[in-house]
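What follows is the content of upload-v6.cif, which has mmCIF, C-alpha atoms:
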```cif
data_start
#
loop_
_atom_site.group_PDB
_atom_site.id
_atom_site.type_symbol
_atom_site.label_atom_id
_atom_site.label_comp_id
_atom_site.auth_asym_id
_atom_site.auth_seq_id
_atom_site.Cartn_x
_atom_site.Cartn_y
_atom_site.Cartn_z
ATOM 1 C CA MET E 1 0.000 0.000 0.000
ATOM 2 C CA ALA E 2 1.326 3.491 -0.868
ATOM 3 C CA LEU E 3 2.110 5.989 1.859
ATOM 4 C CA THR E 4 -0.287 8.902 2.101
ATOM 5 C CA ARG E 5 1.318 12.319 1.731
ATOM 6 C CA PHE E 6 0.652 15.541 3.575
ATOM 7 C CA VAL E 7 0.186 18.564 1.328
ATOM 8 C CA PRO E 8 0.794 21.686 3.464
ATOM 9 C CA ALA E 9 -0.696 24.075 0.900
ATOM 10 C CA GLU E 10 -4.084 22.426 1.410
ATOM 11 C CA TYR E 11 -4.172 23.566 5.041
ATOM 12 C CA PHE E 12 -1.778 26.473 5.539
ATOM 13 C CA SER E 13 -1.456 29.896 4.017
ATOM 14 C CA PRO E 14 1.945 30.954 2.609
ATOM 15 C CA GLU E 15 2.332 33.271 5.614
ATOM 16 C CA GLU E 16 1.691 30.444 8.094
ATOM 17 C CA LEU E 17 4.158 28.178 6.335
ATOM 18 C CA ALA E 18 6.771 30.924 6.312
ATOM 19 C CA GLN E 19 6.362 31.372 10.074
ATOM 20 C CA VAL E 20 6.898 27.724 10.979
ATOM 21 C CA ARG E 21 9.684 27.255 8.427
ATOM 22 C CA ALA E 22 11.662 30.280 9.642
ATOM 23 C CA ARG E 23 15.200 29.301 10.632
ATOM 24 C CA SER E 24 17.334 31.319 12.999
ATOM 25 C CA ASP E 25 21.077 31.352 13.601
ATOM 26 C CA VAL E 26 20.466 32.866 17.037
ATOM 27 C CA LYS E 27 17.961 30.207 18.109
ATOM 28 C CA GLY E 28 20.075 27.367 16.736
ATOM 29 C CA ILE E 29 23.194 28.605 18.512
ATOM 30 C CA PHE E 30 21.198 29.156 21.702
ATOM 31 C CA CYS E 31 19.963 25.543 21.704
ATOM 32 C CA VAL E 32 23.501 24.187 21.372
ATOM 33 C CA VAL E 33 24.871 26.586 24.004
ATOM 34 C CA HIS E 34 21.993 25.666 26.291
ATOM 35 C CA ALA E 35 22.793 21.953 26.024
ATOM 36 C CA TRP E 36 26.448 22.484 26.902
ATOM 37 C CA ALA E 37 25.606 24.971 29.674
ATOM 38 C CA VAL E 38 23.345 22.380 31.330
ATOM 39 C CA ILE E 39 26.101 19.757 30.990
ATOM 40 C CA ALA E 40 28.631 22.129 32.572
ATOM 41 C CA ALA E 41 26.203 23.074 35.353
ATOM 42 C CA ALA E 42 25.669 19.396 36.220
ATOM 43 C CA MET E 43 29.432 18.904 36.547
ATOM 44 C CA VAL E 44 29.747 22.038 38.674
ATOM 45 C CA LEU E 45 26.949 20.787 40.922
ATOM 46 C CA TYR E 46 28.955 17.670 41.750
ATOM 47 C CA ALA E 47 32.226 19.612 42.063
ATOM 48 C CA VAL E 48 30.693 21.958 44.642
ATOM 49 C CA TRP E 49 28.655 19.314 46.519
ATOM 50 C CA PRO E 50 30.298 15.934 45.872
ATOM 51 C CA ASN E 51 28.021 13.176 47.160
ATOM 52 C CA PRO E 52 26.177 10.146 45.735
ATOM 53 C CA LEU E 53 22.992 12.123 45.065
ATOM 54 C CA THR E 54 24.664 14.931 43.083
ATOM 55 C CA PHE E 55 26.694 12.301 41.212
ATOM 56 C CA LEU E 56 23.509 10.510 40.163
ATOM 57 C CA VAL E 57 21.811 13.792 39.242
ATOM 58 C CA ALA E 58 24.799 14.821 37.117
ATOM 59 C CA VAL E 59 24.865 11.493 35.240
ATOM 60 C CA VAL E 60 21.130 11.651 34.506
ATOM 61 C CA VAL E 61 21.114 15.326 33.502
ATOM 62 C CA ILE E 62 24.169 14.973 31.271
ATOM 63 C CA GLY E 63 22.865 11.787 29.657
ATOM 64 C CA SER E 64 19.637 13.592 28.819
ATOM 65 C CA ARG E 65 21.556 16.532 27.302
ATOM 66 C CA GLN E 66 23.676 14.100 25.289
ATOM 67 C CA LEU E 67 20.366 12.942 23.831
ATOM 68 C CA GLY E 68 19.654 16.646 23.324
ATOM 69 C CA LEU E 69 22.851 17.043 21.310
ATOM 70 C CA ALA E 70 21.802 14.093 19.144
ATOM 71 C CA ILE E 71 18.404 15.743 18.615
ATOM 72 C CA LEU E 72 20.048 19.017 17.562
ATOM 73 C CA MET E 73 22.283 17.008 15.211
ATOM 74 C CA HIS E 74 19.074 15.530 13.794
ATOM 75 C CA ASP E 75 17.785 19.032 13.084
ATOM 76 C CA ALA E 76 21.071 19.883 11.408
ATOM 77 C CA ALA E 77 20.802 16.726 9.296
ATOM 78 C CA HIS E 78 17.594 18.246 7.921
ATOM 79 C CA GLY E 79 19.473 21.499 7.380
ATOM 80 C CA VAL E 80 17.225 23.505 9.686
ATOM 81 C CA LEU E 81 19.175 24.036 12.925
ATOM 82 C CA THR E 82 20.328 27.462 11.731
ATOM 83 C CA ALA E 83 19.560 29.767 8.830
ATOM 84 C CA THR E 84 23.126 29.672 7.535
ATOM 85 C CA SER E 85 23.943 26.349 5.872
ATOM 86 C CA ARG E 86 27.666 26.413 6.646
ATOM 87 C CA LEU E 87 26.989 27.243 10.295
ATOM 88 C CA ASN E 88 24.350 24.513 10.434
ATOM 89 C CA ASP E 89 26.879 21.793 9.562
ATOM 90 C CA LEU E 90 29.828 23.201 11.509
ATOM 91 C CA LEU E 91 27.819 23.693 14.675
ATOM 92 C CA SER E 92 26.353 20.230 14.396
ATOM 93 C CA GLN E 93 29.572 18.363 13.646
ATOM 94 C CA PHE E 94 31.853 20.068 16.176
ATOM 95 C CA LEU E 95 29.454 20.528 19.091
ATOM 96 C CA CYS E 96 26.649 17.990 18.619
ATOM 97 C CA ALA E 97 27.642 14.939 16.569
ATOM 98 C CA TRP E 98 31.345 14.262 17.068
ATOM 99 C CA PRO E 99 31.294 14.557 20.887
ATOM 100 C CA VAL E 100 28.651 11.775 21.069
ATOM 101 C CA PHE E 101 30.483 9.640 18.469
ATOM 102 C CA SER E 102 28.165 10.415 15.587
ATOM 103 C CA ASP E 103 28.394 12.192 12.229
ATOM 104 C CA THR E 104 25.827 14.598 10.798
ATOM 105 C CA ILE E 105 26.523 13.903 7.130
ATOM 106 C CA ALA E 106 26.430 10.118 7.413
ATOM 107 C CA TYR E 107 23.287 10.344 9.531
ATOM 108 C CA ARG E 108 21.652 12.664 6.987
ATOM 109 C CA HIS E 109 21.928 10.146 4.141
ATOM 110 C CA TYR E 110 20.501 7.387 6.315
ATOM 111 C CA HIS E 111 17.801 9.413 8.030
ATOM 112 C CA LEU E 112 16.201 10.957 4.958
ATOM 113 C CA ILE E 113 15.404 7.457 3.723
ATOM 114 C CA HIS E 114 13.475 6.942 6.952
ATOM 115 C CA HIS E 115 11.373 9.993 6.133
ATOM 116 C CA ARG E 116 10.654 8.860 2.605
ATOM 117 C CA ARG E 117 9.764 5.308 3.651
ATOM 118 C CA THR E 118 8.409 5.707 7.192
ATOM 119 C CA GLN E 119 7.200 2.392 8.684
ATOM 120 C CA GLN E 120 7.496 0.636 5.318
ATOM 121 C CA PRO E 121 9.387 -2.650 4.842
ATOM 122 C CA ASP E 122 12.438 -0.746 3.534
ATOM 123 C CA ASP E 123 12.452 1.859 6.318
ATOM 124 C CA PRO E 124 15.980 1.639 7.827
ATOM 125 C CA ASP E 125 14.512 2.416 11.264
ATOM 126 C CA LEU E 126 11.756 -0.187 11.110
ATOM 127 C CA HIS E 127 13.670 -2.521 13.441
ATOM 128 C CA LEU E 128 13.191 0.035 16.214
ATOM 129 C CA SER E 129 9.409 -0.336 16.168
ATOM 130 C CA ALA E 130 8.542 -3.641 14.448
ATOM 131 C CA LYS E 131 9.085 -5.834 17.524
ATOM 132 C CA PHE E 132 6.418 -4.121 19.638
ATOM 133 C CA PRO E 133 4.419 -4.820 21.664
ATOM 134 C CA ILE E 134 6.712 -6.629 24.072
ATOM 135 C CA THR E 135 6.180 -7.877 27.599
ATOM 136 C CA LYS E 136 6.960 -5.760 30.641
ATOM 137 C CA THR E 137 9.624 -8.284 31.602
ATOM 138 C CA SER E 138 11.310 -7.919 28.219
ATOM 139 C CA PHE E 139 11.235 -4.137 28.531
ATOM 140 C CA ARG E 140 12.804 -4.282 31.997
ATOM 141 C CA ARG E 141 15.602 -6.506 30.646
ATOM 142 C CA LYS E 142 16.282 -4.058 27.814
ATOM 143 C CA LEU E 143 16.252 -1.115 30.200
ATOM 144 C CA TRP E 144 18.680 -2.891 32.535
ATOM 145 C CA ARG E 145 21.062 -3.548 29.634
ATOM 146 C CA ASP E 146 20.899 0.162 28.820
ATOM 147 C CA LEU E 147 21.425 1.415 32.361
ATOM 148 C CA SER E 148 24.181 -1.089 33.101
ATOM 149 C CA GLY E 149 26.170 0.022 30.065
ATOM 150 C CA GLN E 150 25.820 -3.215 28.113
ATOM 151 C CA THR E 151 23.964 -1.616 25.195
ATOM 152 C CA GLY E 152 26.321 1.340 24.974
ATOM 153 C CA PHE E 153 29.429 -0.845 25.149
ATOM 154 C CA LYS E 154 28.054 -3.141 22.451
ATOM 155 C CA GLN E 155 27.350 -0.174 20.169
ATOM 156 C CA ARG E 156 30.779 1.417 20.649
ATOM 157 C CA LYS E 157 32.466 -1.958 20.147
ATOM 158 C CA ALA E 158 30.624 -2.463 16.845
ATOM 159 C CA GLN E 159 31.437 1.099 15.797
ATOM 160 C CA MET E 160 35.118 0.551 16.543
ATOM 161 C CA ARG E 161 35.187 -2.766 14.683
ATOM 162 C CA ASN E 162 33.545 -1.208 11.607
ATOM 163 C CA ALA E 163 35.988 1.698 11.715
ATOM 164 C CA LEU E 164 38.940 -0.702 11.653
ATOM 165 C CA GLY E 165 37.866 -1.922 8.227
ATOM 166 C CA LYS E 166 37.419 -5.321 6.651
ATOM 167 C CA PRO E 167 39.714 -8.370 6.662
ATOM 168 C CA GLY E 168 42.249 -8.240 3.872
ATOM 169 C CA MET E 169 42.909 -4.515 4.158
ATOM 170 C CA THR E 170 46.524 -3.445 4.685
ATOM 171 C CA LEU E 171 47.574 -1.693 7.879
ATOM 172 C CA GLY E 172 47.744 1.598 6.006
ATOM 173 C CA GLU E 173 44.291 1.103 4.543
ATOM 174 C CA ARG E 174 42.906 0.223 7.960
ATOM 175 C CA TRP E 175 44.433 3.352 9.486
ATOM 176 C CA ALA E 176 43.044 5.582 6.733
ATOM 177 C CA HIS E 177 39.629 3.956 7.077
ATOM 178 C CA PHE E 178 39.676 4.339 10.860
ATOM 179 C CA ARG E 179 40.732 7.972 10.635
ATOM 180 C CA ARG E 180 37.901 8.753 8.203
ATOM 181 C CA ARG E 181 35.297 6.987 10.309
ATOM 182 C CA MET E 182 36.282 7.973 13.838
ATOM 183 C CA GLY E 183 39.204 10.388 13.746
ATOM 184 C CA LYS E 184 37.171 13.563 14.221
ATOM 185 C CA MET E 185 34.981 11.963 16.889
ATOM 186 C CA LEU E 186 38.044 10.940 18.898
ATOM 187 C CA LEU E 187 39.593 14.380 18.398
ATOM 188 C CA ALA E 188 36.443 16.068 19.715
ATOM 189 C CA ASN E 189 36.491 13.810 22.753
ATOM 190 C CA LEU E 190 40.207 14.506 23.279
ATOM 191 C CA VAL E 191 39.451 18.224 23.274
ATOM 192 C CA LEU E 192 36.754 17.653 25.882
ATOM 193 C CA LEU E 193 39.214 15.649 28.006
ATOM 194 C CA LEU E 194 41.822 18.418 27.708
ATOM 195 C CA ILE E 195 39.298 21.076 28.757
ATOM 196 C CA LEU E 196 38.356 19.055 31.832
ATOM 197 C CA THR E 197 42.042 18.454 32.551
ATOM 198 C CA ALA E 198 42.665 22.207 32.372
ATOM 199 C CA PHE E 199 40.074 22.599 35.138
ATOM 200 C CA GLY E 200 41.875 19.936 37.166
ATOM 201 C CA LYS E 201 39.135 17.340 36.637
ATOM 202 C CA PRO E 202 40.333 14.836 34.003
ATOM 203 C CA GLN E 203 38.374 12.083 35.778
ATOM 204 C CA TYR E 204 35.168 13.905 34.903
ATOM 205 C CA TYR E 205 35.547 12.730 31.312
ATOM 206 C CA LEU E 206 34.958 9.159 32.488
ATOM 207 C CA MET E 207 32.484 10.047 35.235
ATOM 208 C CA PHE E 208 30.391 12.649 33.464
ATOM 209 C CA TRP E 209 30.845 12.026 29.765
ATOM 210 C CA LEU E 210 31.494 8.394 28.945
ATOM 211 C CA LEU E 211 29.424 7.011 31.821
ATOM 212 C CA PRO E 212 26.245 8.970 30.960
ATOM 213 C CA LEU E 213 26.780 8.260 27.257
ATOM 214 C CA LEU E 214 26.975 4.510 27.875
ATOM 215 C CA THR E 215 24.127 4.326 30.403
ATOM 216 C CA TRP E 216 21.383 6.905 30.873
ATOM 217 C CA GLN E 217 21.607 8.257 27.337
ATOM 218 C CA GLN E 218 20.994 4.743 26.022
ATOM 219 C CA ALA E 219 17.886 4.335 28.179
ATOM 220 C CA VAL E 220 16.274 7.652 27.245
ATOM 221 C CA THR E 221 17.120 7.113 23.584
ATOM 222 C CA ARG E 222 15.280 3.779 23.737
ATOM 223 C CA ILE E 223 12.211 5.421 25.292
ATOM 224 C CA ARG E 224 12.340 8.175 22.677
ATOM 225 C CA ASN E 225 12.472 5.585 19.874
ATOM 226 C CA ILE E 226 9.531 3.670 21.350
ATOM 227 C CA ALA E 227 7.432 6.814 21.626
ATOM 228 C CA GLU E 228 8.084 7.925 18.066
ATOM 229 C CA HIS E 229 6.932 4.884 16.075
ATOM 230 C CA ALA E 230 6.190 1.814 18.192
ATOM 231 C CA MET E 231 2.579 0.584 18.041
ATOM 232 C CA VAL E 232 1.391 3.377 15.752
ATOM 233 C CA PRO E 233 -2.166 2.839 14.424
ATOM 234 C CA ASP E 234 -1.491 2.903 10.665
ATOM 235 C CA ASN E 235 1.893 2.440 8.999
ATOM 236 C CA ASP E 236 0.579 3.855 5.726
ATOM 237 C CA ASP E 237 -1.049 7.028 7.047
ATOM 238 C CA VAL E 238 1.357 9.954 7.450
ATOM 239 C CA MET E 239 -0.873 11.310 10.250
ATOM 240 C CA ARG E 240 -0.691 8.054 12.182
ATOM 241 C CA ASN E 241 2.604 6.312 11.402
ATOM 242 C CA ALA E 242 4.482 8.580 13.813
ATOM 243 C CA ARG E 243 3.479 9.823 17.241
ATOM 244 C CA THR E 244 3.423 13.085 19.150
ATOM 245 C CA THR E 245 3.641 12.596 22.910
ATOM 246 C CA TYR E 246 2.689 15.428 25.214
ATOM 247 C CA ALA E 247 5.405 16.073 27.780
ATOM 248 C CA GLY E 248 5.433 18.075 30.998
ATOM 249 C CA ILE E 249 8.422 19.970 32.326
ATOM 250 C CA VAL E 250 10.076 16.889 33.883
ATOM 251 C CA ALA E 251 9.641 14.778 30.757
ATOM 252 C CA ARG E 252 10.996 17.608 28.613
ATOM 253 C CA ALA E 253 14.037 17.858 30.861
ATOM 254 C CA PHE E 254 14.882 14.155 30.999
ATOM 255 C CA LEU E 255 13.140 12.337 28.119
ATOM 256 C CA ALA E 256 12.208 14.810 25.405
ATOM 257 C CA PRO E 257 14.641 17.734 25.138
ATOM 258 C CA TYR E 258 14.359 20.314 22.378
ATOM 259 C CA TRP E 259 10.758 19.501 21.445
ATOM 260 C CA VAL E 260 11.539 16.024 20.103
ATOM 261 C CA ASN E 261 8.170 14.828 21.431
ATOM 262 C CA TYR E 262 6.374 16.575 18.526
ATOM 263 C CA HIS E 263 7.252 13.732 16.199
ATOM 264 C CA VAL E 264 4.204 13.319 13.972
ATOM 265 C CA ASP E 265 4.377 17.091 13.434
ATOM 266 C CA HIS E 266 8.012 16.709 12.421
ATOM 267 C CA HIS E 267 7.131 13.981 9.917
ATOM 268 C CA LEU E 268 4.375 16.100 8.411
ATOM 269 C CA LEU E 269 6.740 19.031 7.779
ATOM 270 C CA PHE E 270 10.285 17.816 8.311
ATOM 271 C CA TYR E 271 11.775 21.151 7.223
ATOM 272 C CA VAL E 272 10.438 22.893 10.359
ATOM 273 C CA PRO E 273 13.148 23.620 12.976
ATOM 274 C CA CYS E 274 12.690 21.981 16.364
ATOM 275 C CA TYR E 275 12.187 25.351 18.060
ATOM 276 C CA ASN E 276 9.140 25.966 15.821
ATOM 277 C CA LEU E 277 7.475 22.590 16.398
ATOM 278 C CA PRO E 278 5.198 23.788 19.252
ATOM 279 C CA ARG E 279 3.914 26.551 16.964
ATOM 280 C CA LEU E 280 3.381 24.033 14.166
ATOM 281 C CA HIS E 281 1.492 21.720 16.526
ATOM 282 C CA HIS E 282 -0.888 24.470 17.638
ATOM 283 C CA LEU E 283 -1.399 25.418 14.006
ATOM 284 C CA LEU E 284 -2.267 21.829 13.060
ATOM 285 C CA LEU E 285 -4.761 21.646 15.925
ATOM 286 C CA SER E 286 -6.308 24.963 14.876
ATOM 287 C CA LYS E 287 -6.933 23.444 11.421
ATOM 288 C CA GLY E 288 -8.940 20.634 13.020
ATOM 289 C CA LEU E 289 -6.307 17.955 12.313
ATOM 290 C CA GLY E 290 -5.866 16.845 15.929
ATOM 291 C CA PRO E 291 -8.341 13.894 15.755
ATOM 292 C CA LYS E 292 -6.551 12.566 12.658
ATOM 293 C CA MET E 293 -3.116 12.624 14.300
ATOM 294 C CA GLU E 294 -1.567 9.981 16.559
ATOM 295 C CA ILE E 295 -1.200 11.847 19.860
ATOM 296 C CA ARG E 296 -0.602 10.368 23.315
ATOM 297 C CA HIS E 297 -0.865 12.217 26.609
ATOM 298 C CA GLY E 298 2.393 11.189 28.238
ATOM 299 C CA TYR E 299 5.267 8.734 28.016
ATOM 300 C CA ARG E 300 3.723 6.442 30.602
ATOM 301 C CA ASP E 301 0.747 5.971 28.284
ATOM 302 C CA VAL E 302 3.078 5.103 25.380
ATOM 303 C CA LEU E 303 5.140 2.643 27.423
ATOM 304 C CA ARG E 304 1.978 0.970 28.695
ATOM 305 C CA LEU E 305 0.917 0.418 25.086
ATOM 306 C CA ALA E 306 4.363 -0.759 23.983
ATOM 307 C CA THR E 307 4.605 -3.303 26.824
ATOM 308 C CA SER E 308 1.061 -4.628 26.483
ATOM 309 C CA ARG E 309 2.015 -8.100 25.266
ATOM 310 C CA SER E 310 1.090 -10.778 27.808
ATOM 311 C CA PRO E 311 3.713 -13.303 28.925
ATOM 312 C CA SER E 312 1.500 -16.165 27.753
ATOM 313 C CA ALA E 313 1.277 -14.657 24.251
ATOM 314 C CA ALA E 314 5.047 -14.295 24.190
ATOM 315 C CA VAL E 315 5.503 -17.960 25.095
ATOM 316 C CA THR E 316 3.023 -19.027 22.431
ATOM 317 C CA ALA E 317 4.767 -16.924 19.791
#
```
Would it be possible to restate this file's structure as structure tokens?
Amino acid sequence: MALTRFVPAEYFSPEELAQVRARSDVKGIFCVVHAWAVIAAAMVLYAVWPNPLTFLVAVVVIGSRQLGLAILMHDAAHGVLTATSRLNDLLSQFLCAWPVFSDTIAYRHYHLIHHRRTQQPDDPDLHLSAKFPITKTSFRRKLWRDLSGQTGFKQRKAQMRNALGKPGMTLGERWAHFRRRMGKMLLANLVLLLILTAFGKPQYYLMFWLLPLLTWQQAVTRIRNIAEHAMVPDNDDVMRNARTTYAGIVARAFLAPYWVNYHVDHHLLFYVPCYNLPRLHHLLLSKGLGPKMEIRHGYRDVLRLATSRSPSAAVTA
């Protein structure tokens, strides 16, 4: 069955479209600065009051902002983080993608296929949603693997192995391949280590960068992925093959930074910057499209749906 398409001109005036499409260098820079300021503040919190509670708070806050950096990289992959194209890519690569061991350009090529083929058999992200619903026990196991660092370690190990190239390559070819794949990521992380060392806290790179990246960031990324496409009502309807999840202040801080929860809205008009998604959502509702859209009123509601498979059904399957 063919995917339905959303035609903005059928609902919005040129002025309305111009408003939600407006890109801003100032807003894009502010989002990136905000993410790093929160990360720095979490480290300062522990430095000033070092105790188990502030350590845990710092890991959770930083892991959530690492997700935030990935979300801002996602905006840059669409070319909408800033108004200036060159700034868009530079800001994303240096301050969003490379520090979390990702790459904006490589992600862009992969991700745009997801938008063209959302929830179809050839969607490269289909594996993130196709297995749902699962049992609560299965979800708890997955969450434990995330929080214990098993998922993150497995991902970094696979990334390192791929960067080292294929069997049969010469040492020089392997080195060139590795440098292309991971050189800039490792350089960005070295810079971060040197900055922390300059402040007399080199151990913070392990405590408050790698640890959150391998643990909490993995868990919140999983929840984000579940919310976006798992158990959507209609894989062929652009209004219902992605999901918007309403989020309060706590959820926005720890699960859905930088308006990532407005996901069906993003799929409808993927050239809208993240900082304009709330405006786009209100505009869609004002056009009477709310009942046609897949909207859930909280992440607990989404997780309840995604973990609705009974243990007996799982055994039978």
Neighbouring residues of Gln93 of chain E were defined as those with any atom within 12 Å, considering only C-alpha atoms; residues of the same chain fewer than 2 positions away were excluded. Please report them as a ChimeraX atom specification.
/E:32,69-70,72-77,81,86-91,95-108,184-185,187-188
Show which residues sit within 12 Å of Leu284 of chain E, as a PyMOL selection string. Count all atoms listed in the file, and ignore same-chain residues fewer than 2 positions away.
chain E and resi 6+8+10-12+16-17+20+239+262+264-266+268-269+277-282+286-293
List the neighbours of Ala163 of chain E out to 10 Å using only C-alpha atoms; skip same-chain residues closer than 6 positions along the sequence, and give me the result as JSON, numbers by chain.
{"E": [157, 174, 175, 176, 177, 178, 179, 180, 181, 182, 183]}
Apply the PyMOL selection byres ((chain E and resi 151) around 12) to the structure shown and report the selected residues as a PyMOL selection string.
chain E and resi 141-150+152-158+213-219+221-222
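The protein and nucleic acid residues lying at most 10 Å from Thr245 of chain E are Arg224, Ala227, Glu228, Ala256, Val260, Asn261, Tyr262, His263, Val264, Glu294, Ile295, Arg296, His297, Gly298, Tyr299, Arg300, Asp301 and Val302 of chain E, with only C-alpha atoms considered and sequence neighbours fewer than 6 positions away removed.
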Can you give me, as a ChimeraX atom specification, the residues this file yields under the PyMOL selection byres ((chain E and resi 230-234) around 12)?
/E:1-4,118-120,125-134,222-229,235-245,263-264,292-296,301-309
Using C-alpha atoms, can you write the selected residues to a file as a CSV table (one decimal), in the coordinates of the input?
```csv
chain,number,residue,atom,x,y,z
E,1,MET,CA,0.0,0.0,0.0
E,2,ALA,CA,1.3,3.5,-0.9
E,3,LEU,CA,2.1,6.0,1.9
E,4,THR,CA,-0.3,8.9,2.1
E,118,THR,CA,8.4,5.7,7.2
E,119,GLN,CA,7.2,2.4,8.7
E,120,GLN,CA,7.5,0.6,5.3
E,125,ASP,CA,14.5,2.4,11.3
E,126,LEU,CA,11.8,-0.2,11.1
E,127,HIS,CA,13.7,-2.5,13.4
E,128,LEU,CA,13.2,0.0,16.2
E,129,SER,CA,9.4,-0.3,16.2
E,130,ALA,CA,8.5,-3.6,14.4
E,131,LYS,CA,9.1,-5.8,17.5
E,132,PHE,CA,6.4,-4.1,19.6
E,133,PRO,CA,4.4,-4.8,21.7
E,134,ILE,CA,6.7,-6.6,24.1
E,222,ARG,CA,15.3,3.8,23.7
E,223,ILE,CA,12.2,5.4,25.3
E,224,ARG,CA,12.3,8.2,22.7
E,225,ASN,CA,12.5,5.6,19.9
E,226,ILE,CA,9.5,3.7,21.4
E,227,ALA,CA,7.4,6.8,21.6
E,228,GLU,CA,8.1,7.9,18.1
E,229,HIS,CA,6.9,4.9,16.1
E,235,ASN,CA,1.9,2.4,9.0
E,236,ASP,CA,0.6,3.9,5.7
E,237,ASP,CA,-1.0,7.0,7.0
E,238,VAL,CA,1.4,10.0,7.4
E,239,MET,CA,-0.9,11.3,10.2
E,240,ARG,CA,-0.7,8.1,12.2
E,241,ASN,CA,2.6,6.3,11.4
E,242,ALA,CA,4.5,8.6,13.8
E,243,ARG,CA,3.5,9.8,17.2
E,244,THR,CA,3.4,13.1,19.2
E,245,THR,CA,3.6,12.6,22.9
E,263,HIS,CA,7.3,13.7,16.2
E,264,VAL,CA,4.2,13.3,14.0
E,292,LYS,CA,-6.6,12.6,12.7
E,293,MET,CA,-3.1,12.6,14.3
E,294,GLU,CA,-1.6,10.0,16.6
E,295,ILE,CA,-1.2,11.8,19.9
E,296,ARG,CA,-0.6,10.4,23.3
E,301,ASP,CA,0.7,6.0,28.3
E,302,VAL,CA,3.1,5.1,25.4
E,303,LEU,CA,5.1,2.6,27.4
E,304,ARG,CA,2.0,1.0,28.7
E,305,LEU,CA,0.9,0.4,25.1
E,306,ALA,CA,4.4,-0.8,24.0
E,307,THR,CA,4.6,-3.3,26.8
E,308,SER,CA,1.1,-4.6,26.5
E,309,ARG,CA,2.0,-8.1,25.3
```
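Relative to atom CA of Met207 of chain E, atom CA of Leu190 of chain E is found at 14.9 Å.
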Between E:Phe94, E:Cys31, E:Ser310, E:Met160, which is the closest to Val191 of chain E once you count all atoms listed in the file?
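Using all atoms listed in the file, the shortest distance to Val191 of chain E belongs to E:Phe94.
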Nearest to Tyr246 of chain E: which of E:Asn189, E:Arg117, E:Asp122, E:Trp259 is it, counting only C-alpha atoms?
E:Trp259
Got a sec to check which residues sit within 12 Å of (35.5, 9.2, 30.4), counting only C-alpha atoms, and write them as a list in words?
Val59, Pro99, Val100, Leu186, Asn189, Leu190, Leu192, Leu193, Leu194, Leu196, Thr197, Lys201, Pro202, Gln203, Tyr204, Tyr205, Leu206, Met207, Phe208, Trp209, Leu210, Leu211, Pro212, Leu213 and Leu214 of chain E
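Picture a line from atom CA of Arg140 of chain E to atom CA of Val220 of chain E; it runs 13.3 Å.
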For atom CA of Met43 of chain E and atom CA of Gln66 of chain E, quote the distance in Å rounded to one decimal.
13.5 Å
Residues near Lys27 of chain E, anyone? I mean within 12 Å using all atoms listed in the file, not counting same-chain ones fewer than 5 positions away, as a list in words.
Ala22, Val32, Val33, His34, Leu72, Val80, Leu81, Thr82, Ala83, Thr84, Asn88, Tyr258, Pro273, Cys274, Tyr275 and Asn276 of chain E
What residues come out when you apply the PyMOL selection byres ((chain E and resi 41) around 12) to this file, written as an NGL selection string?
:E and (33-40 or 42-48 or 54 or 57-59 or 61-62 or 65 or 208)
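Nearest-residue note for Asp25 of chain E: choosing from E:Ser85, E:Thr137, E:Gln159, E:Thr170, the minimum distance belongs to E:Ser85, counting only C-alpha atoms.
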